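The next block is final33.cif, given as mmCIF, C-alpha atoms and all ligand atoms.
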data_entry
#
loop_
_atom_site.label_atom_id
_atom_site.label_comp_id
_atom_site.auth_asym_id
_atom_site.auth_seq_id
_atom_site.Cartn_x
_atom_site.Cartn_y
_atom_site.Cartn_z
CA MET A 1 -122.86 50.09 -37.98
CA THR A 2 -124.15 53.29 -36.47
CA ASP A 3 -124.47 54.63 -39.97
CA ARG A 4 -126.59 51.68 -40.97
CA ARG A 5 -128.77 52.04 -37.91
CA ASN A 6 -129.28 55.72 -38.67
CA PHE A 7 -129.88 54.96 -42.29
CA LEU A 8 -132.65 52.55 -41.38
CA LYS A 9 -134.29 55.05 -39.05
CA ALA A 10 -134.05 57.83 -41.63
CA SER A 11 -135.31 55.54 -44.34
CA LEU A 12 -138.25 54.36 -42.33
CA LEU A 13 -139.21 57.88 -41.28
CA GLY A 14 -138.43 59.73 -44.47
CA ALA A 15 -139.98 57.26 -46.82
CA SER A 16 -142.88 56.45 -44.57
CA ALA A 17 -145.71 58.18 -46.40
CA SER A 18 -145.18 56.72 -49.83
CA ALA A 19 -143.79 53.42 -48.55
CA LEU A 20 -146.72 52.85 -46.25
CA ALA A 21 -149.21 53.74 -48.95
CA TRP A 22 -147.46 51.33 -51.25
CA ALA A 23 -147.27 48.68 -48.51
CA GLY A 24 -151.00 49.12 -47.99
CA LYS A 25 -151.65 48.45 -51.65
CA LEU A 26 -149.47 45.34 -51.51
CA ALA A 27 -151.25 44.10 -48.39
CA ALA A 28 -154.63 44.74 -49.98
CA LYS A 29 -153.54 42.82 -53.03
CA GLN A 30 -152.58 39.77 -51.05
CA ALA A 31 -155.95 39.63 -49.32
CA SER A 32 -156.92 37.59 -52.34
CA THR A 33 -154.97 34.40 -52.91
CA SER A 34 -156.03 34.13 -56.53
CA GLN A 35 -154.23 37.14 -57.95
CA ALA A 36 -153.02 37.11 -61.49
CA PHE A 37 -149.28 37.25 -61.93
CA SER A 38 -148.34 40.91 -61.70
CA GLY A 39 -144.91 40.97 -63.35
CA ALA A 40 -141.33 40.62 -62.25
CA ARG A 41 -140.55 41.55 -58.65
CA VAL A 42 -137.72 41.05 -56.19
CA VAL A 43 -137.88 41.34 -52.40
CA SER A 44 -135.24 41.01 -49.74
CA THR A 45 -134.67 41.34 -46.04
CA TRP A 46 -133.58 44.48 -44.21
CA ASP A 47 -132.51 47.90 -45.41
CA PHE A 48 -129.49 46.58 -47.27
CA GLY A 49 -131.98 44.76 -49.46
CA VAL A 50 -132.67 48.01 -51.33
CA ALA A 51 -129.24 48.07 -52.99
CA ALA A 52 -129.29 44.30 -53.46
CA ASN A 53 -132.68 44.46 -55.15
CA LYS A 54 -131.44 47.12 -57.56
CA ALA A 55 -128.68 44.79 -58.69
CA ALA A 56 -131.16 41.94 -59.07
CA TRP A 57 -133.44 44.23 -61.03
CA THR A 58 -130.75 44.75 -63.68
CA VAL A 59 -131.27 41.07 -64.48
CA LEU A 60 -135.06 40.94 -64.11
CA SER A 61 -135.71 44.13 -66.09
CA GLN A 62 -133.91 42.64 -69.07
CA GLY A 63 -136.01 39.50 -69.01
CA GLY A 64 -133.40 37.49 -67.12
CA HIS A 65 -133.96 34.42 -64.99
CA ALA A 66 -134.99 34.83 -61.35
CA LEU A 67 -132.16 32.51 -60.31
CA ASP A 68 -129.55 34.76 -61.93
CA ALA A 69 -131.25 37.80 -60.42
CA VAL A 70 -131.02 36.57 -56.82
CA GLU A 71 -127.44 35.40 -57.26
CA THR A 72 -126.52 38.82 -58.65
CA GLY A 73 -128.47 40.74 -56.04
CA VAL A 74 -127.11 39.24 -52.84
CA GLN A 75 -123.52 39.73 -53.99
CA VAL A 76 -123.96 43.43 -53.18
CA PRO A 77 -124.13 42.99 -49.38
CA GLU A 78 -121.57 40.18 -49.61
CA SER A 79 -119.07 42.78 -50.89
CA ASP A 80 -120.20 45.66 -48.70
CA LEU A 81 -117.40 46.29 -46.21
CA LYS A 82 -119.77 48.26 -43.96
CA ASN A 83 -121.96 45.22 -43.60
CA HIS A 84 -120.74 43.04 -40.75
CA SER A 85 -123.29 40.29 -41.01
CA VAL A 86 -122.94 39.16 -44.63
CA GLY A 87 -119.92 38.17 -46.71
CA LYS A 88 -116.57 39.95 -46.58
CA ALA A 89 -116.14 42.05 -43.41
CA GLY A 90 -118.62 39.84 -41.58
CA TYR A 91 -117.87 39.56 -37.89
CA PRO A 92 -115.85 36.44 -37.12
CA ASP A 93 -116.54 33.55 -34.83
CA ARG A 94 -115.17 33.68 -31.30
CA ASP A 95 -111.81 32.37 -32.52
CA GLY A 96 -111.47 35.06 -35.16
CA HIS A 97 -112.48 33.12 -38.28
CA VAL A 98 -114.98 34.64 -40.72
CA THR A 99 -117.17 31.73 -41.81
CA LEU A 100 -119.95 32.17 -44.33
CA ASP A 101 -123.21 30.34 -45.02
CA ALA A 102 -125.32 30.62 -48.19
CA SER A 103 -128.01 28.84 -50.18
CA ILE A 104 -129.81 29.24 -53.49
CA MET A 105 -132.88 27.50 -54.89
CA ASP A 106 -135.06 27.54 -57.98
CA ALA A 107 -138.72 26.74 -58.54
CA ASP A 108 -138.08 23.14 -59.55
CA GLY A 109 -136.36 22.03 -56.35
CA ASN A 110 -132.83 22.53 -57.65
CA CYS A 111 -130.68 23.93 -54.89
CA GLY A 112 -127.14 24.37 -53.63
CA ALA A 113 -125.58 25.56 -50.40
CA VAL A 114 -122.33 26.08 -48.54
CA ALA A 115 -121.76 26.30 -44.82
CA ALA A 116 -118.80 27.42 -42.72
CA LEU A 117 -117.00 28.49 -45.88
CA GLU A 118 -113.90 30.61 -45.29
CA HIS A 119 -111.84 32.93 -47.50
CA ILE A 120 -114.34 33.30 -50.35
CA GLU A 121 -116.07 36.64 -50.79
CA HIS A 122 -119.16 35.34 -52.59
CA PRO A 123 -120.45 32.16 -50.96
CA ILE A 124 -123.67 32.52 -52.93
CA CYS A 125 -121.74 31.92 -56.19
CA VAL A 126 -120.17 28.78 -54.71
CA ALA A 127 -123.64 27.63 -53.63
CA ARG A 128 -124.86 28.17 -57.19
CA LEU A 129 -122.04 25.97 -58.51
CA VAL A 130 -122.78 23.28 -55.93
CA MET A 131 -126.25 23.30 -57.45
CA ASP A 132 -125.15 23.44 -61.09
CA ARG A 133 -122.03 21.30 -61.09
CA THR A 134 -122.33 18.68 -58.36
CA PRO A 135 -124.86 15.98 -57.53
CA HIS A 136 -125.01 17.39 -53.99
CA VAL A 137 -126.88 20.12 -52.15
CA LEU A 138 -124.57 21.20 -49.33
CA LEU A 139 -120.79 21.42 -49.01
CA VAL A 140 -119.19 22.54 -45.75
CA GLY A 141 -115.94 23.88 -44.36
CA GLU A 142 -112.69 22.69 -45.92
CA GLY A 143 -114.53 20.71 -48.57
CA ALA A 144 -116.53 23.73 -49.64
CA LEU A 145 -113.34 25.79 -49.85
CA GLN A 146 -111.58 23.07 -51.85
CA PHE A 147 -114.52 22.99 -54.26
CA ALA A 148 -114.54 26.78 -54.57
CA LEU A 149 -110.81 26.94 -55.34
CA ALA A 150 -111.17 24.16 -57.90
CA GLN A 151 -113.89 26.23 -59.57
CA GLY A 152 -111.54 29.21 -59.85
CA PHE A 153 -112.54 31.32 -56.88
CA LYS A 154 -109.70 33.27 -55.29
CA LYS A 155 -108.81 32.82 -51.65
CA GLN A 156 -108.77 36.07 -49.70
CA GLU A 157 -108.75 37.49 -46.17
CA LEU A 158 -112.33 38.26 -45.17
CA LEU A 159 -111.50 39.68 -41.75
CA THR A 160 -111.20 43.42 -42.30
CA PRO A 161 -109.37 45.72 -39.87
CA GLU A 162 -112.72 47.06 -38.63
CA SER A 163 -114.12 43.59 -37.93
CA ASP A 164 -110.83 42.53 -36.36
CA LYS A 165 -111.02 45.54 -34.05
CA ALA A 166 -114.60 44.71 -33.08
CA TRP A 167 -113.58 41.11 -32.36
CA HIS A 168 -110.72 42.25 -30.15
CA GLU A 169 -113.12 44.53 -28.28
CA TRP A 170 -115.42 41.57 -27.72
CA LEU A 171 -112.47 39.47 -26.54
CA LYS A 172 -111.99 41.84 -23.60
CA THR A 173 -115.03 40.28 -21.99
CA ALA A 174 -115.60 37.36 -24.34
CA ARG A 175 -119.03 36.89 -22.92
CA TYR A 176 -120.43 34.05 -24.89
CA GLN A 177 -124.06 33.33 -24.76
CA PRO A 178 -125.18 31.17 -27.63
CA SER A 179 -128.43 32.75 -26.84
CA ILE A 180 -131.56 33.68 -28.58
CA ASN A 181 -131.18 37.28 -27.57
CA SER A 182 -128.50 38.21 -30.03
CA GLU A 183 -130.70 40.53 -32.02
CA VAL A 184 -133.14 41.90 -29.55
CA HIS A 185 -130.90 44.73 -28.42
CA ASP A 186 -130.17 45.91 -31.84
CA TYR A 187 -131.93 43.85 -34.47
CA GLY A 188 -128.63 43.26 -36.13
CA HIS A 189 -128.38 46.82 -37.30
CA GLY A 190 -125.22 47.56 -35.55
CA GLY A 191 -124.55 46.00 -32.26
CA SER A 192 -121.73 47.24 -30.18
CA PRO A 193 -119.02 44.71 -29.81
CA GLY A 194 -119.28 43.22 -26.37
CA MET A 195 -122.87 44.26 -26.01
CA PRO A 196 -125.07 42.40 -23.58
CA GLY A 197 -125.67 39.01 -25.00
CA GLY A 198 -122.28 39.14 -26.60
CA ALA A 199 -123.47 38.60 -30.09
CA GLY A 200 -125.03 41.69 -31.53
CA ASN A 201 -124.91 42.43 -35.20
CA HIS A 202 -126.60 39.52 -36.75
CA ASP A 203 -128.79 39.58 -39.75
CA THR A 204 -129.08 37.81 -43.02
CA ILE A 205 -130.01 38.80 -46.51
CA GLY A 206 -132.72 36.56 -47.88
CA MET A 207 -133.89 37.46 -51.38
CA LEU A 208 -136.86 36.12 -53.35
CA ALA A 209 -137.60 36.92 -56.99
CA ILE A 210 -140.13 36.18 -59.66
CA ASP A 211 -139.14 36.92 -63.23
CA ALA A 212 -141.14 38.08 -66.23
CA GLN A 213 -141.93 34.47 -67.10
CA GLY A 214 -143.26 33.79 -63.61
CA ARG A 215 -140.26 31.73 -62.48
CA LEU A 216 -139.47 31.92 -58.78
CA ALA A 217 -136.06 31.67 -57.11
CA GLY A 218 -134.44 32.56 -53.80
CA ALA A 219 -131.05 33.13 -52.21
CA CYS A 220 -129.88 33.56 -48.65
CA THR A 221 -126.40 34.52 -47.39
CA THR A 222 -124.83 35.48 -44.06
CA SER A 223 -121.74 35.44 -41.90
CA GLY A 224 -124.02 34.22 -39.15
CA MET A 225 -124.05 35.10 -35.51
CA ALA A 226 -121.13 37.28 -34.47
CA TRP A 227 -118.67 35.60 -32.09
CA LYS A 228 -120.37 32.26 -32.64
CA MET A 229 -118.81 28.95 -31.61
CA ARG A 230 -116.41 27.65 -34.21
CA GLY A 231 -118.37 25.36 -36.50
CA ARG A 232 -121.76 26.87 -35.69
CA VAL A 233 -124.05 26.93 -38.71
CA GLY A 234 -127.34 28.79 -38.78
CA ASP A 235 -130.48 28.46 -40.85
CA SER A 236 -129.30 30.29 -43.98
CA PRO A 237 -127.64 27.35 -45.79
CA ILE A 238 -130.25 24.83 -44.66
CA ILE A 239 -132.82 24.29 -47.39
CA GLY A 240 -136.24 24.40 -45.78
CA ALA A 241 -135.00 26.49 -42.86
CA GLY A 242 -133.47 29.73 -44.17
CA LEU A 243 -134.80 29.32 -47.70
CA TYR A 244 -137.40 27.33 -49.59
CA VAL A 245 -138.89 27.67 -53.07
CA ASP A 246 -141.66 25.67 -54.71
CA GLY A 247 -142.82 26.82 -58.12
CA GLU A 248 -146.32 25.45 -57.49
CA VAL A 249 -146.79 27.66 -54.46
CA GLY A 250 -144.20 30.31 -53.66
CA ALA A 251 -140.99 31.02 -51.79
CA ALA A 252 -139.88 32.03 -48.31
CA THR A 253 -136.74 33.10 -46.51
CA SER A 254 -135.85 34.01 -42.96
CA THR A 255 -133.65 36.20 -40.83
CA GLY A 256 -132.92 36.17 -37.15
CA VAL A 257 -131.85 33.49 -34.75
CA GLY A 258 -131.16 30.56 -37.01
CA GLU A 259 -131.48 27.90 -34.34
CA GLU A 260 -135.16 28.71 -33.88
CA VAL A 261 -135.77 28.73 -37.62
CA ILE A 262 -134.08 25.35 -38.05
CA ARG A 263 -136.09 23.82 -35.18
CA ASN A 264 -139.28 24.76 -36.95
CA ALA A 265 -138.23 24.18 -40.59
CA GLY A 266 -139.31 27.80 -40.94
CA SER A 267 -139.20 28.60 -44.65
CA PHE A 268 -140.62 25.21 -45.62
CA LEU A 269 -143.40 25.81 -43.13
CA VAL A 270 -144.23 29.19 -44.65
CA VAL A 271 -144.44 27.68 -48.14
CA GLU A 272 -146.60 24.81 -46.92
CA LEU A 273 -148.94 27.25 -45.19
CA MET A 274 -149.27 29.16 -48.46
CA ARG A 275 -150.01 25.85 -50.18
CA GLN A 276 -152.90 25.44 -47.75
CA GLY A 277 -154.31 28.76 -48.90
CA ARG A 278 -152.77 31.35 -46.62
CA SER A 279 -151.53 34.61 -48.06
CA PRO A 280 -147.77 35.26 -47.78
CA GLN A 281 -148.37 37.55 -44.82
CA GLU A 282 -150.66 35.09 -43.02
CA ALA A 283 -148.18 32.27 -43.59
CA CYS A 284 -145.27 34.30 -42.19
CA LYS A 285 -147.32 35.26 -39.17
CA GLU A 286 -148.30 31.67 -38.41
CA ALA A 287 -144.67 30.51 -38.72
CA VAL A 288 -143.64 33.23 -36.27
CA MET A 289 -146.43 32.23 -33.88
CA ARG A 290 -145.30 28.62 -33.99
CA ILE A 291 -141.84 29.67 -32.78
CA ILE A 292 -143.42 31.76 -30.05
CA ARG A 293 -145.62 28.90 -28.91
CA ARG A 294 -142.52 26.75 -28.51
CA ARG A 295 -140.64 29.47 -26.63
CA PRO A 296 -143.34 31.08 -24.50
CA THR A 297 -140.96 32.39 -21.86
CA GLN A 298 -138.30 33.68 -24.22
CA THR A 299 -140.13 35.49 -26.95
CA LYS A 300 -139.21 38.95 -25.70
CA GLU A 301 -135.56 38.03 -26.15
CA LEU A 302 -135.84 36.53 -29.57
CA GLN A 303 -136.02 37.88 -33.08
CA VAL A 304 -136.99 35.92 -36.15
CA GLY A 305 -138.48 37.38 -39.31
CA PHE A 306 -139.94 35.65 -42.35
CA LEU A 307 -140.41 37.06 -45.84
CA ALA A 308 -142.54 35.29 -48.44
CA MET A 309 -143.68 35.65 -52.02
CA ASN A 310 -146.35 33.52 -53.68
CA LYS A 311 -146.36 32.38 -57.29
CA HIS A 312 -148.41 35.45 -58.26
CA GLY A 313 -145.71 37.76 -56.92
CA ASP A 314 -147.70 38.81 -53.83
CA VAL A 315 -145.47 39.53 -50.85
CA GLY A 316 -145.80 39.36 -47.08
CA ALA A 317 -143.62 39.38 -43.97
CA TRP A 318 -143.89 39.00 -40.24
CA ALA A 319 -141.43 39.14 -37.36
CA ILE A 320 -141.45 38.55 -33.65
CA GLN A 321 -140.01 41.94 -32.75
CA HIS A 322 -140.55 45.38 -34.10
CA GLY A 323 -137.72 46.58 -36.34
CA PHE A 324 -137.59 44.09 -39.18
CA SER A 325 -137.96 45.63 -42.62
CA TYR A 326 -137.94 44.35 -46.16
CA ALA A 327 -137.16 45.89 -49.52
CA VAL A 328 -139.37 45.51 -52.58
CA CYS A 329 -138.46 46.30 -56.18
CA ASP A 330 -140.61 45.97 -59.29
CA ALA A 331 -141.40 47.85 -62.49
CA LYS A 332 -143.22 50.58 -60.53
CA LYS A 333 -140.71 51.23 -57.78
CA GLN A 334 -137.10 50.20 -57.37
CA ASP A 335 -136.29 51.35 -53.86
CA GLY A 336 -139.17 50.44 -51.62
CA LEU A 337 -138.44 49.69 -47.95
CA ILE A 338 -141.35 48.44 -45.88
CA PRO A 339 -141.52 47.96 -42.11
CA SER A 340 -142.64 44.42 -41.39
CA SER A 341 -145.58 43.62 -39.19
CA SER A 342 -144.54 42.07 -35.90
CA VAL A 343 -145.94 40.41 -32.82
CA TYR A 344 -144.47 43.05 -30.55
CA SER A 345 -144.77 46.66 -31.56
CA THR A 346 -141.86 47.88 -29.47
CA SER A 347 -138.43 46.45 -28.94
CA PHE A 348 -137.39 45.01 -25.60
CA SER A 349 -133.98 45.90 -24.36
N1 LIG W 401 -130.14 33.72 -39.61
C1 LIG W 401 -128.76 33.57 -39.74
C2 LIG W 401 -128.10 32.78 -38.70
O1 LIG W 401 -128.69 32.48 -37.68
O2 LIG W 401 -126.96 32.46 -38.88
#

Exercise: express the given structure as structure tokens:
Amino acid sequence: MTDRRNFLKASLLGASASALAWAGKLAAKQASTSQAFSGARVVSTWDFGVAANKAAWTVLSQGGHALDAVETGVQVPESDLKNHSVGKAGYPDRDGHVTLDASIMDADGNCGAVAALEHIEHPICVARLVMDRTPHVLLVGEGALQFALAQGFKKQELLTPESDKAWHEWLKTARYQPSINSEVHDYGHGGSPGMPGGAGNHDTIGMLAIDAQGRLAGACTTSGMAWKMRGRVGDSPIIGAGLYVDGEVGAATSTGVGEEVIRNAGSFLVVELMRQGRSPQEACKEAVMRIIRRRPTQTKELQVGFLAMNKHGDVGAWAIQHGFSYAVCDAKKQDGLIPSSSVYSTSFS
């Protein structure tokens, strides 16, 4: 996790000049809400979004569908054993079970999700099959696993030795605060096991794409809050909370403390704000401010970030705390990493 934290710092510093210039151009573009469609593009949350976007781009650059692109892209962090907040090697719940949440959605309101799914490396692929092969939207727990196995997925151990060690470290104190401060000390880019708050390392990949034909889609996948209560489900598999797509308007996804995103129907809110004429960035900011208004005494302990793309491919993001970043990939640049705007410019710890 230290490596990832250092990587983020190095990336943000090293790439700052060109990334910021590029971010400035993107921000200038979205000042107008009547942009023409500017070509295929994929965006995703955090530094690990860079590698995920590259995988998604292999689909988009060949004229593939945005839905296939996001499903392909987020499988990269799901398989990354150094990533302890998504997929295999995710930190377990407080009882030692790795439980995964994921959702996927297209521009026409088709969607699928799984929650509290165990033993399957790629929950996003199960979510896609919930969407494609069932009349339902969300399958959970044992039922989701039963469905996955019936579809041919292989059961495997997701708790790696490294995650098991971190869990046992946490067990020494087992301080459990189902609190909103799980990211503020570290923004999910590491998090020492047993850190204050007891639930460091917590971030989600949310990915949004528009393909060459202008079709939007999104995906969101996470192992959720480290050391969470057994059965706890965050925003990521909840359509309208962690992910929402509407082909008439745009798409949004979230990262951070899922409880706060669910309470405010965060991603749906961002899309509806764009429908009312806000740019992606303005919509993300307003959704963040709504959370803050409801938690006026706790905002310095809380991290939530939103990422949005409108139907023209314009992108924006906003977070409560400094430290959120998002990756952008299009025909011009495949490895962009942009620091998000935030309400607070420094982290509180
Ligand atoms: N945002 C992911 C979660 O709260 O589980």

Counting all atoms listed in the file, closest pick from A:Met105, A:Val343, A:Ala226, A:Ile124 relative to ligand LIG 401 (chain W) is A:Ala226

Measuring between all atoms listed in the file, which one of A:Thr160, A:Ser267, A:Ser342, A:Thr134 shows the shortest distance to ligand LIG 401 (chain W)?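 For ligand LIG 401 (chain W), the nearest of the given residues is A:Ser267.
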
Item to check | Nearest residue to A:Leu171 from the set A:Arg232, A:Ala251, A:Lys285, A:Asp93 (distances using only C-alpha atoms) | outcome: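 Checking each of A:Arg232, A:Ala251, A:Lys285, A:Asp93 against A:Leu171, counting only C-alpha atoms, the winner is A:Asp93.
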
For stretch 322-337 of chain A, please output as a JSON list (two decimals) with C-alpha atoms, in the frame of the given file all residues within 7 Å (counting all atoms listed in the file; exclusion window: fewer than 3 positions along the same chain).
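Dumped to selection20.json:
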[["chain", "number", "residue", "atom", "x", "y", "z"],
["A", 19, "ALA", "CA", -143.79, 53.42, -48.55],
["A", 40, "ALA", "CA", -141.33, 40.62, -62.25],
["A", 41, "ARG", "CA", -140.55, 41.55, -58.65],
["A", 42, "VAL", "CA", -137.72, 41.05, -56.19],
["A", 43, "VAL", "CA", -137.88, 41.34, -52.40],
["A", 44, "SER", "CA", -135.24, 41.01, -49.74],
["A", 45, "THR", "CA", -134.67, 41.34, -46.04],
["A", 46, "TRP", "CA", -133.58, 44.48, -44.21],
["A", 47, "ASP", "CA", -132.51, 47.90, -45.41],
["A", 49, "GLY", "CA", -131.98, 44.76, -49.46],
["A", 50, "VAL", "CA", -132.67, 48.01, -51.33],
["A", 53, "ASN", "CA", -132.68, 44.46, -55.15],
["A", 54, "LYS", "CA", -131.44, 47.12, -57.56],
["A", 187, "TYR", "CA", -131.93, 43.85, -34.47],
["A", 305, "GLY", "CA", -138.48, 37.38, -39.31],
["A", 319, "ALA", "CA", -141.43, 39.14, -37.36],
["A", 340, "SER", "CA", -142.64, 44.42, -41.39],
["A", 342, "SER", "CA", -144.54, 42.07, -35.90],
["A", 344, "TYR", "CA", -144.47, 43.05, -30.55],
["A", 345, "SER", "CA", -144.77, 46.66, -31.56],
["A", 346, "THR", "CA", -141.86, 47.88, -29.47],
["A", 347, "SER", "CA", -138.43, 46.45, -28.94]]

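Counting from atom CA of A:Ala113, the distance to atom CA of A:Leu243 is 10.3 Å.
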
* Asked: Neighbours of stretch 144-159 of chain A within 7 Å (all atoms listed in the file; same-chain residues fewer than 5 positions away dropped), as JSON, numbers by chain?
  -> {"A": [88, 89, 98, 114, 117, 118, 119, 120, 121, 126, 139, 164]}

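Among the candidates A:Val70, A:Ala127, A:Leu302, A:Ile210, the one nearest to ligand LIG 401 (chain W) when counting only C-alpha atoms and all ligand atoms is A:Leu302.
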
Between atom CA of A:Asp68 and atom CA of A:Ile239, distance in Å (one decimal)
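It comes out at 18.2 Å.
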
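For the pair atom CA of A:Glu259 and atom CA of A:Ile104, the separation is 19.3 Å.
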
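Compared by their closest atoms to ligand LIG 401 (chain W), and using all atoms listed in the file, the residues A:Ala102, A:Leu138, A:Ala287, A:Ala66 rank with A:Ala102 nearest.
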
The residue from A:Gly231, A:Gly214, A:Gly206, A:Gly109 with the smallest atom-to-atom distance to A:Phe306, counting only C-alpha atoms, is A:Gly206

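Selecting by distance to (-147.4, 41.3, -57.1) with a limit of 6 Å and using all atoms listed in the file, one obtains Ser38, Gly313 and Asp314 of chain A.
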
### Neighbour list for stretch 62-65 of chain A as a PyMOL selection string, cut-off 10 Å, only C-alpha atoms, skip fewer than 4 positions in-chain
chain A and resi 40+56-58+69-70+106+209-217
